[in-house]
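One file, input_13.tsv, carrying TSV, C-alpha atoms:
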chain	number	residue	atom	x	y	z
E	1	MET	CA	70.12	-87.74	65.03
E	2	HIS	CA	66.35	-88.09	65.10
E	3	LEU	CA	66.17	-86.13	68.38
E	4	ALA	CA	68.28	-83.30	66.93
E	5	LYS	CA	65.99	-83.07	63.92
E	6	LYS	CA	62.92	-82.94	66.16
E	7	GLU	CA	64.46	-80.18	68.27
E	8	THR	CA	65.26	-78.18	65.14
E	9	GLU	CA	61.68	-78.53	63.91
E	10	LEU	CA	60.33	-77.36	67.28
E	11	HIS	CA	62.67	-74.38	67.25
E	12	ILE	CA	61.57	-73.39	63.74
E	13	LYS	CA	57.89	-73.61	64.69
E	14	ALA	CA	58.49	-71.64	67.90
E	15	CYS	CA	60.21	-68.85	65.96
E	16	ASN	CA	57.42	-68.90	63.40
E	17	ASP	CA	54.71	-68.66	66.07
E	18	HIS	CA	56.53	-65.76	67.73
E	19	LEU	CA	56.54	-63.73	64.51
E	20	ALA	CA	52.99	-64.81	63.67
E	21	HIS	CA	51.88	-63.24	66.94
E	22	HIS	CA	53.55	-59.98	65.91
E	23	VAL	CA	51.78	-60.08	62.54
E	24	GLU	CA	48.44	-60.67	64.25
E	25	GLU	CA	49.05	-57.76	66.62
E	26	PHE	CA	50.10	-55.49	63.74
E	27	LEU	CA	46.93	-56.29	61.78
E	28	ALA	CA	44.78	-55.81	64.90
E	29	GLU	CA	46.23	-52.32	65.36
E	30	LYS	CA	45.20	-51.54	61.77
E	31	HIS	CA	41.75	-53.12	62.35
E	32	VAL	CA	42.43	-55.58	59.53
E	33	TYR	CA	41.06	-59.14	59.78
E	34	GLY	CA	43.43	-61.72	58.25
E	35	VAL	CA	42.14	-64.79	56.40
E	36	ASN	CA	44.62	-67.53	55.44
E	37	VAL	CA	43.29	-69.01	52.18
E	38	MET	CA	44.32	-72.64	51.69
E	39	GLY	CA	43.68	-75.08	48.87
E	40	ALA	CA	45.32	-77.41	46.38
E	41	PRO	CA	46.67	-76.15	43.04
E	42	GLY	CA	43.89	-75.55	40.52
E	43	VAL	CA	41.08	-75.52	43.07
E	44	GLY	CA	40.18	-71.95	42.08
E	45	LYS	CA	41.55	-69.90	44.98
E	46	THR	CA	42.05	-66.66	43.07
E	47	THR	CA	38.69	-66.94	41.29
E	48	VAL	CA	37.04	-67.55	44.65
E	49	LEU	CA	38.68	-64.42	46.06
E	50	GLU	CA	37.48	-62.36	43.10
E	51	ASN	CA	33.92	-63.53	43.71
E	52	ILE	CA	34.03	-62.91	47.46
E	53	ILE	CA	35.47	-59.42	47.02
E	54	ARG	CA	32.70	-58.52	44.56
E	55	ASN	CA	30.19	-59.27	47.32
E	56	LEU	CA	31.96	-57.34	50.08
E	57	SER	CA	31.25	-53.75	51.02
E	58	CYS	CA	34.37	-53.35	53.18
E	59	VAL	CA	37.90	-52.54	52.03
E	60	THR	CA	39.90	-55.61	50.99
E	61	TYR	CA	43.60	-56.39	50.68
E	62	VAL	CA	45.25	-59.48	49.19
E	63	VAL	CA	48.62	-61.16	49.60
E	64	GLU	CA	49.34	-63.68	46.85
E	65	GLY	CA	51.70	-66.51	47.80
E	66	ASP	CA	53.35	-68.52	45.04
E	67	ILE	CA	56.56	-70.42	44.54
E	68	GLU	CA	57.25	-68.36	41.39
E	69	SER	CA	55.54	-65.68	39.24
E	70	ASP	CA	53.13	-62.82	39.98
E	71	ILE	CA	50.41	-63.81	37.51
E	72	ASP	CA	47.56	-63.78	40.04
E	73	THR	CA	48.71	-60.54	41.66
E	74	ARG	CA	48.68	-58.71	38.33
E	75	ARG	CA	45.28	-60.23	37.57
E	76	LEU	CA	43.86	-58.79	40.79
E	77	GLN	CA	45.58	-55.42	40.41
E	78	GLN	CA	43.97	-55.03	36.98
E	79	GLN	CA	40.63	-55.09	38.83
E	80	ASN	CA	41.82	-52.35	41.22
E	81	ILE	CA	42.19	-54.85	44.06
E	82	ARG	CA	45.02	-53.99	46.44
E	83	ALA	CA	47.34	-56.99	46.04
E	84	VAL	CA	51.01	-57.73	46.70
E	85	GLN	CA	53.15	-60.75	45.87
E	86	ILE	CA	55.20	-63.08	48.04
E	87	ASN	CA	57.35	-65.68	46.27
E	88	THR	CA	58.77	-68.54	48.32
E	89	PHE	CA	61.23	-69.73	45.61
E	90	GLY	CA	60.77	-73.39	46.45
E	91	ALA	CA	59.10	-73.47	49.87
E	92	CYS	CA	55.70	-75.17	49.82
E	93	HIS	CA	53.92	-72.65	52.09
E	94	LEU	CA	53.99	-69.12	53.40
E	95	ASP	CA	55.46	-68.66	56.86
E	96	ALA	CA	55.36	-65.93	59.48
E	97	PRO	CA	58.80	-64.43	58.64
E	98	LEU	CA	57.69	-63.89	55.03
E	99	MET	CA	54.39	-62.38	56.18
E	100	HIS	CA	56.13	-60.22	58.78
E	101	GLU	CA	58.35	-58.71	56.10
E	102	ALA	CA	55.45	-58.21	53.69
E	103	MET	CA	53.18	-56.57	56.28
E	104	HIS	CA	55.67	-53.81	56.98
E	105	LYS	CA	55.88	-53.03	53.27
E	106	MET	CA	52.10	-52.87	52.78
E	107	GLU	CA	49.84	-49.93	53.48
E	108	PHE	CA	46.52	-50.36	55.26
E	109	PRO	CA	44.88	-46.93	55.06
E	110	GLU	CA	41.48	-48.27	56.16
E	111	PRO	CA	40.12	-51.15	58.26
E	112	GLY	CA	39.11	-54.19	56.26
E	113	LEU	CA	39.75	-57.79	55.31
E	114	LEU	CA	43.13	-59.19	54.29
E	115	PHE	CA	43.06	-62.39	52.22
E	116	ILE	CA	46.37	-64.28	52.23
E	117	GLU	CA	46.32	-66.77	49.36
E	118	ASN	CA	48.76	-69.44	50.46
E	119	VAL	CA	50.82	-71.63	48.15
E	120	GLY	CA	48.74	-74.37	46.51
E	121	ASN	CA	49.11	-77.24	48.99
E	122	LEU	CA	46.86	-79.11	51.44
E	123	VAL	CA	49.62	-80.10	53.86
E	124	CYS	CA	52.15	-77.47	54.99
E	125	PRO	CA	49.92	-74.36	55.00
E	126	ALA	CA	47.74	-75.96	57.66
E	127	GLU	CA	50.73	-76.48	59.96
E	128	PHE	CA	52.02	-72.90	60.15
E	129	SER	CA	50.28	-69.85	61.55
E	130	ILE	CA	51.03	-66.66	59.62
E	131	GLY	CA	49.19	-64.19	61.83
E	132	GLU	CA	45.69	-64.84	60.49
E	133	LYS	CA	42.46	-64.77	62.45
E	134	MET	CA	40.88	-67.53	60.37
E	135	LYS	CA	41.83	-70.26	57.94
E	136	MET	CA	39.58	-70.58	54.90
E	137	LEU	CA	39.84	-73.92	53.11
E	138	ILE	CA	38.81	-74.20	49.47
E	139	VAL	CA	38.20	-77.63	47.95
E	140	SER	CA	36.54	-78.55	44.68
E	141	VAL	CA	34.24	-81.33	43.55
E	142	THR	CA	36.86	-82.24	40.95
E	143	ASP	CA	39.31	-83.03	43.78
E	144	GLY	CA	37.23	-86.00	44.90
E	145	SER	CA	35.18	-86.56	48.04
E	146	ASP	CA	38.00	-88.27	49.96
E	147	LYS	CA	40.02	-85.14	50.78
E	148	PRO	CA	38.96	-84.86	54.46
E	149	TYR	CA	40.21	-88.41	55.01
E	150	LYS	CA	43.54	-87.83	53.25
E	151	TYR	CA	44.34	-84.31	54.50
E	152	PRO	CA	42.70	-84.11	57.94
E	153	LEU	CA	44.72	-81.25	59.45
E	154	ALA	CA	43.56	-78.73	56.83
E	155	PHE	CA	39.93	-79.57	57.60
E	156	GLU	CA	40.49	-79.62	61.37
E	157	LYS	CA	41.92	-76.10	61.40
E	158	ALA	CA	39.54	-74.49	58.92
E	159	GLY	CA	37.23	-71.79	60.22
E	160	VAL	CA	35.21	-71.97	57.02
E	161	ILE	CA	35.17	-74.44	54.11
E	162	LEU	CA	34.17	-73.68	50.54
E	163	LEU	CA	33.20	-76.48	48.16
E	164	ASN	CA	33.88	-74.98	44.75
E	165	LYS	CA	32.93	-75.90	41.16
E	166	ILE	CA	29.53	-77.27	42.14
E	167	ASP	CA	28.35	-76.70	38.57
E	168	LEU	CA	30.41	-79.77	37.67
E	169	LEU	CA	28.61	-82.10	40.09
E	170	PRO	CA	26.56	-83.75	37.31
E	171	HIS	CA	29.77	-84.56	35.45
E	172	VAL	CA	32.06	-85.96	38.18
E	173	GLU	CA	31.88	-88.73	40.75
E	174	PHE	CA	31.56	-86.83	44.03
E	175	ASP	CA	29.90	-88.42	47.06
E	176	GLU	CA	28.67	-85.40	49.01
E	177	LYS	CA	27.53	-87.42	52.05
E	178	PHE	CA	30.91	-89.18	52.27
E	179	PHE	CA	32.63	-85.81	52.00
E	180	MET	CA	30.49	-84.16	54.69
E	181	ASP	CA	30.78	-87.15	57.03
E	182	GLY	CA	34.56	-86.76	56.81
E	183	VAL	CA	34.38	-83.02	57.36
E	184	ARG	CA	32.13	-83.27	60.40
E	185	HIS	CA	34.21	-86.03	61.97
E	186	LEU	CA	37.12	-83.58	61.97
E	187	ASN	CA	35.40	-80.25	62.37
E	188	LYS	CA	31.98	-79.84	63.94
E	189	LYS	CA	31.69	-76.04	63.70
E	190	ALA	CA	33.10	-74.70	60.42
E	191	PRO	CA	30.32	-73.76	57.99
E	192	VAL	CA	30.53	-75.36	54.54
E	193	PHE	CA	29.43	-73.20	51.62
E	194	LYS	CA	28.75	-74.65	48.18
E	195	VAL	CA	30.00	-72.17	45.59
E	196	CYS	CA	30.70	-71.82	41.89
E	197	GLY	CA	33.51	-69.55	40.79
E	198	ARG	CA	32.24	-69.56	37.21
E	199	THR	CA	28.69	-68.39	37.96
E	200	GLY	CA	29.18	-66.61	41.29
E	201	GLU	CA	26.70	-68.86	43.10
E	202	GLY	CA	26.99	-68.95	46.89
E	203	PHE	CA	29.44	-66.08	47.40
E	204	LYS	CA	26.96	-63.61	48.85
E	205	GLU	CA	26.55	-65.94	51.83
E	206	VAL	CA	30.33	-66.37	52.17
E	207	ALA	CA	30.81	-62.60	52.19
E	208	GLU	CA	28.13	-62.18	54.86
E	209	PHE	CA	29.81	-64.84	57.02
E	210	LEU	CA	33.23	-63.14	56.73
E	211	CYS	CA	31.80	-59.72	57.53
E	212	ALA	CA	30.13	-61.13	60.64
E	213	ALA	CA	33.39	-62.82	61.69
E	214	LYS	CA	35.29	-59.56	61.26
E	215	GLN	CA	32.77	-57.61	63.31
E	216	SER	CA	32.88	-60.15	66.13
E	217	VAL	CA	36.52	-59.36	67.07
Would you give me this structure, written as structure tokens?
Amino acid sequence: MHLAKKETELHIKACNDHLAHHVEEFLAEKHVYGVNVMGAPGVGKTTVLENIIRNLSCVTYVVEGDIESDIDTRRLQQQNIRAVQINTFGACHLDAPLMHEAMHKMEFPEPGLLFIENVGNLVCPAEFSIGEKMKMLIVSVTDGSDKPYKYPLAFEKAGVILLNKIDLLPHVEFDEKFFMDGVRHLNKKAPVFKVCGRTGEGFKEVAEFLCAAKQSV
């Protein structure tokens, strides 16, 4: 029984990876660089995206992934940001089949950056490729400094890490050295940017990093 379950899981991941490759190829043809945005609920993913987009000169697109609702999509559309919604209706992450379907319904009239805001979760989104070029992990000082130790895969796979809500550092117990030691044990290369969604601090540097990453492919 255990073997059958394992084989089923491997089959699901193989099918997912196959479609993820198609999504990646499709975006490459459109000259669109996909960023899989991961983070726990309440970490400030949508606010972070708003701040990054304000600092970008290139065209941007957004896919909002949620279990239910389109609150964040409407919020972005009101700012004239090209955004579409994917609802998983119970699933804890976006997968390649959902992205594959969404991509063929979206229009990409110009090259640019596509941000895919995954469902709020630090576990499953790190396990599944959805056709992105990079995973961007957002954590917050209010989450606690132990997150790299508790959710290692998300940190291992991140191409860039944003530490959000740094304006709250004087008001919470957050051991930055402990946090960074955990990050660097898992991931030696990913840059870590300290940002504040409320004030906009740090996002100019994030935007510059993403633009450089896009131009390098």
Nearby residues (only C-alpha atoms) at most 9 Å from Gly42 (chain E), same-chain spacing under 2 positions excluded, as a PyMOL selection string:
chain E and resi 39-40+44-45+120+140
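By only C-alpha atoms, and with residues fewer than 2 positions from Glu201 (chain E) along its chain excluded, the set lying at most 10 Å from it is Asn51, Asn164, Lys165, Ile166, Asp167, Phe193, Lys194, Val195, Cys196, Gly197, Arg198, Thr199, Phe203, Lys204 and Glu205 of chain E.
Relative to CA of Gly34 (chain E), CA of Met134 (chain E) is found at 6.7 Å.
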Do you know which residues are at most 8 Å from Val37 (chain E) counting all atoms listed in the file, after dropping those on the same chain fewer than 5 positions away, and could you put them as a PyMOL selection string?
chain E and resi 45+115-118+135-138
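If all atoms listed in the file are the atoms counted, then among E:Asp143, E:Asp17, E:Glu110, E:Asp66 the closest residue to Tyr33 (chain E) is E:Glu110.
Comparing E:Ile71, E:Val183, E:Val139, E:Val172 by their smallest distance to Leu153 (chain E), the closest is E:Val183 (using all atoms listed in the file).
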For Ala190 (chain E), list every protein, DNA or RNA residue within 8 Å, evaluated using all atoms listed in the file, and leave out those in the same chain fewer than 6 positions away; present the list as a list of chain:residue names.
E:Ala158, E:Gly159, E:Val160, E:Ile161
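Within the 12 Å cut-off around Arg54 (chain E), using all atoms listed in the file and omitting residues fewer than 2 positions from it on the same chain, the listed residues are Thr47, Val48, Leu49, Glu50, Asn51, Ile52, Leu56, Ser57, Cys58, Val59, Thr60, Leu76, Gln79, Asn80, Ile81, Gly197, Gly200, Phe203, Lys204, Val206, Ala207 and Glu208 of chain E.
Among the candidate residues E:Phe26, E:Phe209, E:Tyr61, E:Phe179, the one lying nearest to Leu113 (chain E) is E:Tyr61, with distances computed using all atoms listed in the file.
Of note, CA of Thr46 (chain E) and CA of Asp181 (chain E) are spaced 27.2 Å apart.
The coordinates place CA of Ile130 (chain E) at 7.3 Å from CA of Leu94 (chain E).
Distance annotation: of E:Val119, E:Leu168, E:Val32, E:Leu27, the residue with the minimal separation from Ser69 (chain E) is E:Val119; atom set is all atoms listed in the file.
The closest residue to Lys147 (chain E), picked from E:Ile67, E:Pro109, E:Arg82, E:Gly182 and counting only C-alpha atoms, is E:Gly182.
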